[in-house]
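Okay, input-v6.cif now, which holds mmCIF, C-alpha atoms and all ligand atoms:
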```cif
data_model
#
loop_
_atom_site.label_atom_id
_atom_site.label_comp_id
_atom_site.auth_asym_id
_atom_site.auth_seq_id
_atom_site.Cartn_x
_atom_site.Cartn_y
_atom_site.Cartn_z
CA MET A 1 2.80 -23.12 -12.65
CA LYS A 2 -0.42 -21.14 -12.90
CA ARG A 3 -1.72 -18.50 -10.51
CA ASN A 4 -5.23 -17.14 -10.49
CA LEU A 5 -5.69 -13.59 -9.27
CA THR A 6 -8.50 -11.12 -8.97
CA CYS A 7 -7.35 -7.75 -10.25
CA ILE A 8 -7.81 -5.06 -7.59
CA VAL A 9 -6.85 -2.09 -9.75
CA CYS A 10 -10.46 -1.14 -10.57
CA PRO A 11 -13.95 -2.26 -9.48
CA MET A 12 -14.39 -4.63 -12.44
CA GLY A 13 -12.35 -7.22 -10.57
CA CYS A 14 -11.26 -9.23 -13.61
CA SER A 15 -10.12 -12.80 -13.02
CA ILE A 16 -6.57 -13.09 -14.28
CA GLU A 17 -4.51 -16.18 -14.88
CA VAL A 18 -0.75 -15.91 -14.82
CA GLU A 19 1.47 -18.65 -16.15
CA LEU A 20 4.86 -18.73 -14.45
CA ASP A 21 8.12 -20.55 -14.93
CA GLY A 22 9.75 -19.96 -11.56
CA ALA A 23 9.88 -16.19 -11.24
CA ASN A 24 9.40 -15.62 -14.97
CA VAL A 25 6.00 -14.57 -16.21
CA LEU A 26 5.20 -16.52 -19.38
CA SER A 27 1.71 -15.23 -20.04
CA VAL A 28 -1.11 -13.18 -18.54
CA THR A 29 -4.71 -13.82 -19.61
CA GLY A 30 -8.12 -12.67 -18.46
CA ASN A 31 -7.19 -9.03 -17.98
CA THR A 32 -9.35 -6.47 -19.74
CA CYS A 33 -6.67 -3.79 -19.89
CA LYS A 34 -2.92 -3.22 -19.66
CA ARG A 35 -3.14 -2.09 -16.05
CA GLY A 36 -4.41 -5.52 -15.11
CA ALA A 37 -1.50 -7.22 -16.84
CA GLU A 38 0.91 -4.94 -15.04
CA TYR A 39 -0.77 -5.61 -11.70
CA ALA A 40 -0.69 -9.38 -12.26
CA LYS A 41 3.00 -9.38 -13.23
CA ASN A 42 3.95 -7.28 -10.21
CA GLU A 43 1.78 -9.35 -7.89
CA CYS A 44 3.61 -12.51 -8.96
CA THR A 45 7.13 -11.08 -8.97
CA ASN A 46 7.23 -8.12 -6.53
CA PRO A 47 3.91 -7.65 -4.73
CA LYS A 48 3.39 -4.22 -3.17
CA ARG A 49 0.75 -2.65 -1.00
CA THR A 50 -0.15 0.76 0.33
CA VAL A 51 -0.19 0.68 4.14
CA THR A 52 -2.96 2.56 5.95
CA SER A 53 -2.92 2.88 9.72
CA THR A 54 -3.15 5.30 12.60
CA VAL A 55 -0.44 6.92 14.68
CA ARG A 56 -0.53 8.25 18.23
CA CYS A 57 0.82 11.77 18.52
CA GLU A 58 2.94 12.89 21.48
CA ASN A 59 -0.14 14.54 23.02
CA GLY A 60 -2.24 11.37 22.69
CA GLU A 61 -4.23 12.35 19.61
CA ILE A 62 -4.72 9.64 17.03
CA ILE A 63 -4.40 10.52 13.36
CA SER A 64 -4.81 8.47 10.20
CA VAL A 65 -1.76 7.86 8.07
CA LYS A 66 -0.80 5.98 4.93
CA THR A 67 2.24 5.33 2.81
CA ASP A 68 2.29 7.68 -0.15
CA ARG A 69 3.42 4.80 -2.37
CA ALA A 70 2.96 1.07 -2.31
CA ILE A 71 5.77 -0.70 -0.46
CA PRO A 72 6.94 -4.31 -0.78
CA LYS A 73 4.30 -6.56 0.75
CA ASP A 74 6.90 -8.39 2.85
CA LYS A 75 7.86 -5.08 4.52
CA MET A 76 4.35 -4.25 5.74
CA GLN A 77 4.92 -5.62 9.27
CA GLU A 78 8.12 -3.62 9.70
CA CYS A 79 6.38 -0.54 8.36
CA MET A 80 3.54 -1.03 10.88
CA LYS A 81 6.09 -1.28 13.72
CA LEU A 82 7.72 1.98 12.66
CA ILE A 83 4.31 3.65 12.55
CA ASN A 84 3.38 2.24 15.96
CA ASN A 85 6.60 3.57 17.48
CA ALA A 86 6.30 7.05 15.95
CA ARG A 87 5.10 9.88 18.20
CA PRO A 88 4.76 12.92 15.94
CA CYS A 89 4.29 16.39 17.38
CA THR A 90 1.06 18.30 16.72
CA PRO A 91 -0.29 20.25 14.97
CA ILE A 92 -0.32 17.99 11.94
CA ALA A 93 -1.87 18.88 8.58
CA ILE A 94 -3.10 16.52 5.89
CA GLY A 95 -0.14 15.50 3.75
CA ASP A 96 2.49 16.16 6.43
CA ILE A 97 5.25 13.56 6.39
CA ILE A 98 5.17 11.56 9.61
CA LEU A 99 7.99 9.19 8.66
CA SER A 100 10.26 9.64 5.66
CA ASP A 101 11.96 7.05 3.48
CA VAL A 102 10.15 3.98 4.76
CA PHE A 103 10.91 1.22 2.23
CA GLY A 104 10.85 3.71 -0.61
CA SER A 105 7.81 5.61 0.59
CA ASN A 106 6.85 8.32 3.06
CA VAL A 107 4.20 7.84 5.71
CA VAL A 108 1.89 10.85 5.46
CA ALA A 109 -1.03 12.15 7.50
CA THR A 110 -4.44 11.61 5.91
CA GLN A 111 -6.41 13.29 8.65
CA HIS A 112 -5.80 16.62 10.35
CA SER A 113 -4.90 16.25 14.02
CA ALA A 114 -7.41 18.95 15.02
CA ALA A 115 -10.24 16.62 13.89
CA HIS A 116 -9.68 14.60 17.06
CA ASN A 117 -9.72 17.49 19.50
CA SER A 118 -13.39 17.11 20.42
S1 LIG A 201 -7.82 -5.84 -15.74
FE1 LIG A 201 -8.23 -3.69 -16.12
S2 LIG A 201 -10.47 -3.61 -16.25
FE2 LIG A 201 -9.97 -5.55 -15.25
S3 LIG A 201 -10.03 -5.11 -13.03
FE3 LIG A 201 -7.91 -4.85 -13.73
S4 LIG A 201 -7.74 -2.67 -14.16
FE4 LIG A 201 -9.91 -3.17 -14.09
#
```

With the file now loaded, output its structure as structure tokens.
Amino acid sequence: MKRNLTCIVCPMGCSIEVELDGANVLSVTGNTCKRGAEYAKNECTNPKRTVTSTVRCENGEIISVKTDRAIPKDKMQECMKLINNARPCTPIAIGDIILSDVFGSNVVATQHSAAHNS
């Protein structure tokens, strides 16, 4: 089986073809660099994504958050639910952990809570 992917690791967006035998990667072609090959292999065997979202603090402020690592793509919905149910206490600084150990990642603040005080 063949899968065609567009590499999203850098803006070049190389078209990559992956030849698979079930879950085994037989070959990767079209990538310009090693990072593309790695991306294509992972995308076909264990796709992961960084989740970005917002969370409502206990005082009603909304702050931006993201996972500090990519998590398994099939866990994104569950991760979003956890984020939606979280009600962190302010003040919150950039980099503060909002949720820890979420599918191998932490959910961290990417925007200071004071930015929404206006
Ligand atoms: S294969 Fe390499 S050069 Fe091409 S898009 Fe991916 S990271 Fe960029």

Q.
Quick check, in Å to one decimal: how far apart do atom CA of A:Arg35 and atom CA of A:Ile8 lie?
A.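 Taking atom CA of A:Arg35 and atom CA of A:Ile8, their separation equals 10.1 Å.
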
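Ranking A:Cys7, A:Ala93, A:Cys57, A:Ile63 by their shortest atom-to-atom distance to A:Lys34, with all atoms listed in the file included, puts A:Cys7 first.
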
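With distances restricted to all atoms listed in the file, A:Val108 is the closest residue to A:Gly95 from A:Gly30, A:Val108, A:Lys73, A:Asp21.
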
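Restricting the calculation to all atoms listed in the file, the smallest distance between ligand LIG 201 (chain A) and any of A:Ile92, A:Lys2, A:Glu43, A:Ser15 is found for A:Ser15.
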
**Q.** Neighbours of point (6.2, -17.5, -18.6) within 12 Å, using all atoms listed in the file, written as a PyMOL selection string
**A.** chain A and resi 1-3+17-29+41+44-45

Please dump the current selection as an mmCIF file, in the frame of the given file; keep C-alpha atoms.
```cif
data_model
loop_
_atom_site.group_PDB
_atom_site.id
_atom_site.type_symbol
_atom_site.label_atom_id
_atom_site.label_comp_id
_atom_site.auth_asym_id
_atom_site.auth_seq_id
_atom_site.Cartn_x
_atom_site.Cartn_y
_atom_site.Cartn_z
ATOM 1 C CA MET A 1 2.800 -23.120 -12.650
ATOM 2 C CA LYS A 2 -0.420 -21.140 -12.900
ATOM 3 C CA ARG A 3 -1.720 -18.500 -10.510
ATOM 4 C CA GLU A 17 -4.510 -16.180 -14.880
ATOM 5 C CA VAL A 18 -0.750 -15.910 -14.820
ATOM 6 C CA GLU A 19 1.470 -18.650 -16.150
ATOM 7 C CA LEU A 20 4.860 -18.730 -14.450
ATOM 8 C CA ASP A 21 8.120 -20.550 -14.930
ATOM 9 C CA GLY A 22 9.750 -19.960 -11.560
ATOM 10 C CA ALA A 23 9.880 -16.190 -11.240
ATOM 11 C CA ASN A 24 9.400 -15.620 -14.970
ATOM 12 C CA VAL A 25 6.000 -14.570 -16.210
ATOM 13 C CA LEU A 26 5.200 -16.520 -19.380
ATOM 14 C CA SER A 27 1.710 -15.230 -20.040
ATOM 15 C CA VAL A 28 -1.110 -13.180 -18.540
ATOM 16 C CA THR A 29 -4.710 -13.820 -19.610
ATOM 17 C CA LYS A 41 3.000 -9.380 -13.230
ATOM 18 C CA CYS A 44 3.610 -12.510 -8.960
ATOM 19 C CA THR A 45 7.130 -11.080 -8.970
#
```

Q: Step by step, measure atom-to-atom distances between ligand LIG 201 (chain A) and each residue using all atoms listed in the file, keep those at most 7 Å, then write them as a PyMOL selection string.
A: chain A and resi 7-14+31-37

Q | Polymer residues at most 9 Å from A:Ile62, all atoms listed in the file, same-chain spacing of 5 or more positions, as an MDAnalysis selection string | A | chainID A and resid 54:57 113 116

Q.
Here is a test: counting all atoms listed in the file, which residue of A:Leu5, A:Leu82, A:Val107, A:Ile98 is nearest to A:Thr50?
A.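 Nearest to A:Thr50: A:Val107.
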
Q: Pick out the residues sitting within 9 Å of A:Val102, and hand them over as a PyMOL selection string; count all atoms listed in the file, and ignore anything fewer than 3 positions along from it in its own chain.
A: chain A and resi 67+71+79+82+99+105-107

Q | Coordinates-based distance that separates atom CA of A:Pro91 from atom CA of A:His112 (Å, one decimal) | A |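 If I compute the distance from atom CA of A:His112 to atom CA of A:Pro91, I get 8.1 Å.
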
Q: Give me, please, the distance in Å between atom CA of A:Asp74 and atom CA of A:Thr52, quoted to one decimal.
A: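 Computing it gives 15.1 Å between the two atoms.
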
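Residue nearest A:Gly60 within the list A:Thr6, A:Thr110, A:Thr90, A:Gln77: A:Thr90 [criterion: smallest interatomic distance, all atoms listed in the file].
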
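Ranking A:Ala109, A:Ser100, A:Asn46, A:Ala86 by their shortest atom-to-atom distance to A:Lys66, with all atoms listed in the file included, puts A:Ala109 first.
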